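This report refers to the structure that appears directly beneath it.
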Amino acid sequence: MTWSFTLVSGALKNVGDFLIVKKATEAVERFLQPDSYITLKRTEDFGPHIDKINETNAIIICGGPGYKKWFYPAVYPFLKYLAKIRIPIIPFALGWSGLPRYLPDRFVFAQESKSVIHHIHKRTPYSSVRDEITREILIRHGVQNVINTGCPTLFDIDKMRGNASFRIPAEITSFGVSMAQNPALHTQNVNLLKQLKGCFPKARRVAFFHRGVGADEYTTPQEGRQLQLLAKRVSALDYEIVDLAYDAGRLSIYNEMDFHVGYRVHAHAYCISQRIPSFLLWEDGRGQGMSSNLGLPGVPAFKTRLIDHPPWPSRIQRYVMKGVSKIAPLNEQPINHHAVKEVLKLINDETDNGFLMFSAVPQRLKELYSNLQFFFIHIKEFLIESE
């Protein structure tokens, strides 16, 4: 039997997205063994490719935080061709977008998105998600046939086969910090760099920018200027600066680090896959989902909600949020000013106790990998029966 697939890539600039597509493709090759596949960016117009797409066995959406309110039409505009697509669409390791921050129970899909998601799931035995929070969101929206496989970026096959444990450095000679993208966190991020430098003054210090340090077609001039200002502050603290944008291969530099700490979920996932101790600050619920799925603690970079309230009609919500944003003490999620202290305590505690909190992670990875195998076994059986 000849196998062919259409892979939908979310890789535009963020190196984490390129890693997702790389590892998702590896998983498809390992478990489905296709003779060929085509890869299209999620932002492309699929119209000219529909005939070629329909000649493949299935469309596989390769991971990323695709489950946003506007899953359709904003994230996956190709779904406007749903009536013309004659093959199954299989979401693989998709995740919740992380907003509203730390409040997955409040997340709601737009009706257009919900309808399309139901359409997709009625035509496949299973989809997979990258964490349990995302699975619970889908179940709450009426989708039951979903499996928590973890993110494919968590799995290094050689490490899995060898049952590798975490590297325990005798002393800290190097560490890496993945930098926050959100400008609201840049001051907190710089404070983290200062404190780490004080804790490990002789160590090699590297700051990783996952979406680069300047403007281009995927980064606005204003955002680019903010990143360049951040890079200057980082350089003044005698940190090496490494731009990882667009190139998943460059993530291997993390293997030179004794530990990672920072804000980027896929720096964390990559380091976990390589059995490098990693400490994650949550920019939003994406980090929350990753930490809880691995059974590891994480630190919210923002405060959790100060004022709780039931969902309001959207018109009232707009007025309330406008008022809250103008009154700092009522701001729902100001910066967590204890975040740096909390993550440093985690790091210091673990360096003192031999990084004990990571001892159970290899077993958790085995469980998730078993789910991944189950997912692909049933997808393969379904596709064979569909022929």
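Going by the structure tokens order, chains are called A, B, ..., each with residues numbered from 1, while ligands are numbered from 1 in the order shown.
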
Which residues of stretch 60-96 of chain A come within 8 Å of stretch 19-32 of chain A, and what is each one's closest atom pair and distance in Å (one decimal), counting only C-alpha atoms, sorted by chain and residue number, as a tab-separated table?
```
residue	atom	partner	partner_atom	distance
A:Cys62	CA	A:Val21	CA	5.9
A:Gly63	CA	A:Ile20	CA	6.3
A:Gly64	CA	A:Ile20	CA	7.0
A:Phe92	CA	A:Ala24	CA	7.8
```

Could you save the residues just selected, with C-alpha atoms, as a tab-separated table (two decimals), in the first residue's frame?
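Result file follows (again.tsv):
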```tsv
chain	number	residue	atom	x	y	z
A	62	CYS	CA	1.40	19.30	13.12
A	63	GLY	CA	1.13	20.60	16.66
A	64	GLY	CA	1.43	24.11	18.00
A	92	PHE	CA	-1.63	15.87	15.96
```

Review point. Quick one: of A:Leu193, A:Leu356, A:Ile120, A:Ala248, who's nearest to A:Val343, counting only C-alpha atoms?
Key: A:Leu193

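Picture a line from atom CA of A:Lys13 to atom CA of A:Ile87; it runs 28.9 Å.
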
**Study point:** Selection near A:Ser174, 12 Å with only C-alpha atoms, sequence-local residues under 3 positions removed, as a PyMOL selection string
**Key:** chain A and resi 169-171+177+196-197+199-207+239-240+253-261+276

Point to revise | A:Ser292 surroundings by only C-alpha atoms, 12 Å radius, close-in-sequence under 5 positions cut, as a ChimeraX atom specification | key: /A:102,130-134,150,280,282,285-287,297-299,361,364

Export N, CA and C atoms of the chosen residues as a compact mmCIF listing (two decimals), in the first residue's frame?
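What ended up in part-v1.txt:
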```txt
# COMPACT_ATOMS: atom_id res chain seq x y z
N TYR A 102 -3.84 31.33 32.39
CA TYR A 102 -3.99 30.47 33.56
C TYR A 102 -5.44 30.08 33.85
N ARG A 130 -1.38 18.05 23.11
CA ARG A 130 -0.05 18.03 23.73
C ARG A 130 -0.08 18.09 25.25
N ASP A 131 -1.26 18.25 25.85
CA ASP A 131 -1.32 18.24 27.31
C ASP A 131 -2.74 17.96 27.78
N GLU A 132 -2.86 17.66 29.05
CA GLU A 132 -4.15 17.27 29.62
C GLU A 132 -5.12 18.44 29.69
N ILE A 133 -4.61 19.64 29.91
CA ILE A 133 -5.49 20.82 29.93
C ILE A 133 -6.22 20.96 28.60
N THR A 134 -5.50 20.78 27.49
CA THR A 134 -6.14 20.88 26.18
C THR A 134 -7.18 19.79 25.99
N GLY A 150 1.18 14.16 24.62
CA GLY A 150 2.31 15.04 24.83
C GLY A 150 2.74 15.66 23.50
N LEU A 280 10.70 26.27 34.16
CA LEU A 280 9.86 27.04 33.25
C LEU A 280 9.05 28.11 33.98
N TRP A 282 5.88 30.58 33.33
CA TRP A 282 4.72 30.55 32.44
C TRP A 282 4.36 31.94 31.96
N GLY A 285 -0.95 30.11 29.61
CA GLY A 285 -1.36 28.75 29.90
C GLY A 285 -0.65 27.67 29.12
N ARG A 286 0.09 28.03 28.08
CA ARG A 286 0.86 27.02 27.35
C ARG A 286 1.92 26.40 28.26
N GLY A 287 2.60 27.25 29.02
CA GLY A 287 3.58 26.73 29.97
C GLY A 287 2.91 25.95 31.09
N PRO A 297 6.90 21.36 38.65
CA PRO A 297 6.43 22.68 39.05
C PRO A 297 6.85 23.73 38.02
N GLY A 298 6.05 24.76 37.93
CA GLY A 298 6.39 25.91 37.11
C GLY A 298 6.02 27.17 37.87
N VAL A 299 6.47 28.31 37.37
CA VAL A 299 6.25 29.57 38.07
C VAL A 299 5.48 30.52 37.16
N VAL A 361 10.35 12.06 35.82
CA VAL A 361 9.97 12.53 34.48
C VAL A 361 10.17 11.47 33.40
N ARG A 364 7.15 9.41 33.20
CA ARG A 364 6.03 10.14 32.62
C ARG A 364 6.17 10.22 31.10
```

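Using only C-alpha atoms, the nearest neighbour of A:Leu244 within the list A:Thr56, A:Ser370, A:Ser178, A:Thr43 is A:Ser178.
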
Exercise for review: Can you list, as a VMD selection string, all residues belonging to stretch 49-250 of chain A that DSSP tags as strand (DSSP E)?
Suggested key: chain A and resid 58 to 67 89 to 96 127 to 129 146 to 148 174 to 178 204 to 209 240 to 243

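Here atom CA of A:Gln33 stands at a distance of 16.4 Å from atom CA of A:Pro152.
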
Practice item. Please indicate the distance in Å from atom CA of A:Ser113 to atom CA of A:His141, rounded to one decimal place. Key: 10.7 Å

Contact residues around stretch 186-192 of chain A with only C-alpha atoms at 7 Å, ignoring same-chain residues under 4 positions, as a PDB file with N, CA and C atoms, in the first residue's frame:
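That gives us result-v5.pdb:
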```pdb
ATOM      1  N   MET A 179      14.494  33.647  26.520  1.00  0.00           N
ATOM      2  CA  MET A 179      14.019  34.999  26.808  1.00  0.00           C
ATOM      3  C   MET A 179      12.527  35.155  26.535  1.00  0.00           C
ATOM      4  N   ALA A 180      11.899  36.003  27.360  1.00  0.00           N
ATOM      5  CA  ALA A 180      10.475  36.282  27.222  1.00  0.00           C
ATOM      6  C   ALA A 180      10.200  37.074  25.956  1.00  0.00           C
ATOM      7  N   LEU A 196      20.670  35.363  38.483  1.00  0.00           N
ATOM      8  CA  LEU A 196      21.391  34.152  38.109  1.00  0.00           C
ATOM      9  C   LEU A 196      22.890  34.396  38.020  1.00  0.00           C
ATOM     10  N   LEU A 230      16.067  44.986  24.633  1.00  0.00           N
ATOM     11  CA  LEU A 230      16.286  43.887  25.576  1.00  0.00           C
ATOM     12  C   LEU A 230      17.656  43.260  25.355  1.00  0.00           C
ATOM     13  N   VAL A 234      20.770  42.719  27.970  1.00  0.00           N
ATOM     14  CA  VAL A 234      21.337  41.386  28.192  1.00  0.00           C
ATOM     15  C   VAL A 234      22.847  41.410  27.987  1.00  0.00           C
ATOM     16  N   VAL A 340      10.764  35.689  40.105  1.00  0.00           N
ATOM     17  CA  VAL A 340      12.213  35.451  40.057  1.00  0.00           C
ATOM     18  C   VAL A 340      12.671  34.760  41.339  1.00  0.00           C
TER      19      VAL A 340
END
```

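Among the candidates A:His210, A:Arg233, A:Lys194, A:His378, the one nearest to A:Arg250 when counting only C-alpha atoms is A:His210.
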
Check your understanding: Using only C-alpha atoms, which residues sit within 12 Å of A:Ser36 once same-chain residues fewer than 5 positions away are excluded, as a list in words?
Key -> Thr2, Trp3, Ser4, Phe5, Thr6, Leu7, Thr25, Val28, Glu29, Ile53, Glu55, Thr56, Asn57 and Ala58 of chain A

Practice item. Step one, run DSSP on the backbone; step two, keep only residues of stretch 62-258 of chain A assigned to helix (DSSP H, G or I); then write them as a VMD selection string. Key: chain A and resid 71 to 75 77 to 84 104 to 106 111 to 121 132 to 140 152 to 154 157 to 161 183 to 199 221 to 236 248 to 256

Written selection (C-alpha atoms) as an mmCIF file, in the first residue's frame:
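result.cif written:
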```cif
data_model
loop_
_atom_site.group_PDB
_atom_site.id
_atom_site.type_symbol
_atom_site.label_atom_id
_atom_site.label_comp_id
_atom_site.auth_asym_id
_atom_site.auth_seq_id
_atom_site.Cartn_x
_atom_site.Cartn_y
_atom_site.Cartn_z
ATOM 1 C CA PHE A 71 -9.288 28.083 15.348
ATOM 2 C CA TYR A 72 -11.184 28.820 12.163
ATOM 3 C CA PRO A 73 -10.833 31.028 10.197
ATOM 4 C CA ALA A 74 -7.853 32.818 11.820
ATOM 5 C CA VAL A 75 -5.428 30.002 12.689
ATOM 6 C CA PRO A 77 -7.775 29.457 7.018
ATOM 7 C CA PHE A 78 -7.397 26.408 4.754
ATOM 8 C CA LEU A 79 -10.494 24.983 6.449
ATOM 9 C CA LYS A 80 -12.603 27.251 4.244
ATOM 10 C CA TYR A 81 -12.068 24.490 1.660
ATOM 11 C CA LEU A 82 -13.626 21.886 3.952
ATOM 12 C CA ALA A 83 -16.345 21.021 1.404
ATOM 13 C CA LYS A 84 -13.670 20.302 -1.212
ATOM 14 C CA PRO A 104 -8.512 27.165 30.858
ATOM 15 C CA ASP A 105 -11.962 26.727 32.407
ATOM 16 C CA ARG A 106 -12.905 30.131 30.990
ATOM 17 C CA GLN A 111 -19.087 28.966 17.216
ATOM 18 C CA GLU A 112 -17.431 28.781 13.780
ATOM 19 C CA SER A 113 -14.393 27.125 15.344
ATOM 20 C CA LYS A 114 -16.478 24.700 17.383
ATOM 21 C CA SER A 115 -18.451 23.607 14.314
ATOM 22 C CA VAL A 116 -15.294 22.932 12.294
ATOM 23 C CA ILE A 117 -13.626 21.068 15.187
ATOM 24 C CA HIS A 118 -16.682 18.821 15.518
ATOM 25 C CA HIS A 119 -16.675 18.227 11.762
ATOM 26 C CA ILE A 120 -13.018 17.149 11.876
ATOM 27 C CA HIS A 121 -13.444 14.830 14.850
ATOM 28 C CA GLU A 132 -4.154 17.268 29.623
ATOM 29 C CA ILE A 133 -5.485 20.821 29.935
ATOM 30 C CA THR A 134 -6.138 20.885 26.180
ATOM 31 C CA ARG A 135 -7.840 17.488 26.309
ATOM 32 C CA GLU A 136 -10.158 18.726 29.057
ATOM 33 C CA ILE A 137 -11.000 21.848 27.013
ATOM 34 C CA LEU A 138 -11.996 19.727 24.018
ATOM 35 C CA ILE A 139 -14.067 17.360 26.161
ATOM 36 C CA ARG A 140 -15.867 20.350 27.648
ATOM 37 C CA PRO A 152 6.441 15.303 19.918
ATOM 38 C CA THR A 153 9.282 17.656 20.907
ATOM 39 C CA LEU A 154 9.479 15.781 24.233
ATOM 40 C CA ILE A 157 14.042 8.176 20.505
ATOM 41 C CA ASP A 158 17.606 7.281 21.516
ATOM 42 C CA LYS A 159 16.976 8.642 25.005
ATOM 43 C CA MET A 160 13.643 6.793 25.212
ATOM 44 C CA ARG A 161 15.143 3.479 24.114
ATOM 45 C CA PRO A 183 7.519 43.084 26.459
ATOM 46 C CA ALA A 184 5.634 43.284 29.756
ATOM 47 C CA LEU A 185 8.029 40.629 31.079
ATOM 48 C CA HIS A 186 11.308 42.110 29.881
ATOM 49 C CA THR A 187 12.140 43.867 33.155
ATOM 50 C CA GLN A 188 11.374 40.685 35.104
ATOM 51 C CA ASN A 189 13.504 38.756 32.616
ATOM 52 C CA VAL A 190 16.484 41.090 33.077
ATOM 53 C CA ASN A 191 16.136 40.811 36.852
ATOM 54 C CA LEU A 192 16.261 37.031 36.469
ATOM 55 C CA LEU A 193 19.510 37.358 34.497
ATOM 56 C CA LYS A 194 21.017 39.589 37.188
ATOM 57 C CA GLN A 195 20.096 37.187 39.984
ATOM 58 C CA LEU A 196 21.391 34.152 38.109
ATOM 59 C CA LYS A 197 24.669 35.914 37.420
ATOM 60 C CA GLY A 198 24.977 36.537 41.147
ATOM 61 C CA CYS A 199 24.229 32.903 41.984
ATOM 62 C CA PRO A 221 9.145 47.268 13.777
ATOM 63 C CA GLN A 222 7.887 48.188 17.259
ATOM 64 C CA GLU A 223 8.360 44.654 18.580
ATOM 65 C CA GLY A 224 11.761 44.490 16.898
ATOM 66 C CA ARG A 225 12.874 47.674 18.670
ATOM 67 C CA GLN A 226 11.777 46.263 22.017
ATOM 68 C CA LEU A 227 13.742 43.088 21.399
ATOM 69 C CA GLN A 228 16.838 45.064 20.403
ATOM 70 C CA LEU A 229 16.597 47.112 23.596
ATOM 71 C CA LEU A 230 16.286 43.887 25.576
ATOM 72 C CA ALA A 231 19.324 42.448 23.791
ATOM 73 C CA LYS A 232 21.376 45.525 24.779
ATOM 74 C CA ARG A 233 20.430 45.062 28.433
ATOM 75 C CA VAL A 234 21.337 41.386 28.192
ATOM 76 C CA SER A 235 24.699 42.126 26.610
ATOM 77 C CA ALA A 236 25.489 44.640 29.358
ATOM 78 C CA ALA A 248 15.605 24.063 14.811
ATOM 79 C CA GLY A 249 19.067 22.603 14.319
ATOM 80 C CA ARG A 250 20.591 25.365 16.426
ATOM 81 C CA LEU A 251 18.655 24.198 19.493
ATOM 82 C CA SER A 252 21.442 21.661 20.026
ATOM 83 C CA ILE A 253 23.411 24.423 21.768
ATOM 84 C CA TYR A 254 21.159 23.783 24.775
ATOM 85 C CA ASN A 255 23.005 20.475 25.134
ATOM 86 C CA GLU A 256 26.043 22.476 26.256
#
```

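The shortest atom-to-atom distance to A:Ser273, with only C-alpha atoms taken into account, belongs to A:Tyr369 out of A:Phe175, A:Trp70, A:Tyr369, A:Tyr246.
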
Practice item. May I have the residues within 10 Å of A:Pro88 as a VMD selection string, using only C-alpha atoms and disregarding those fewer than 2 positions away in the same chain? Key: chain A and resid 54 56 to 60 85 to 86 90 to 91 120 to 125 383 386
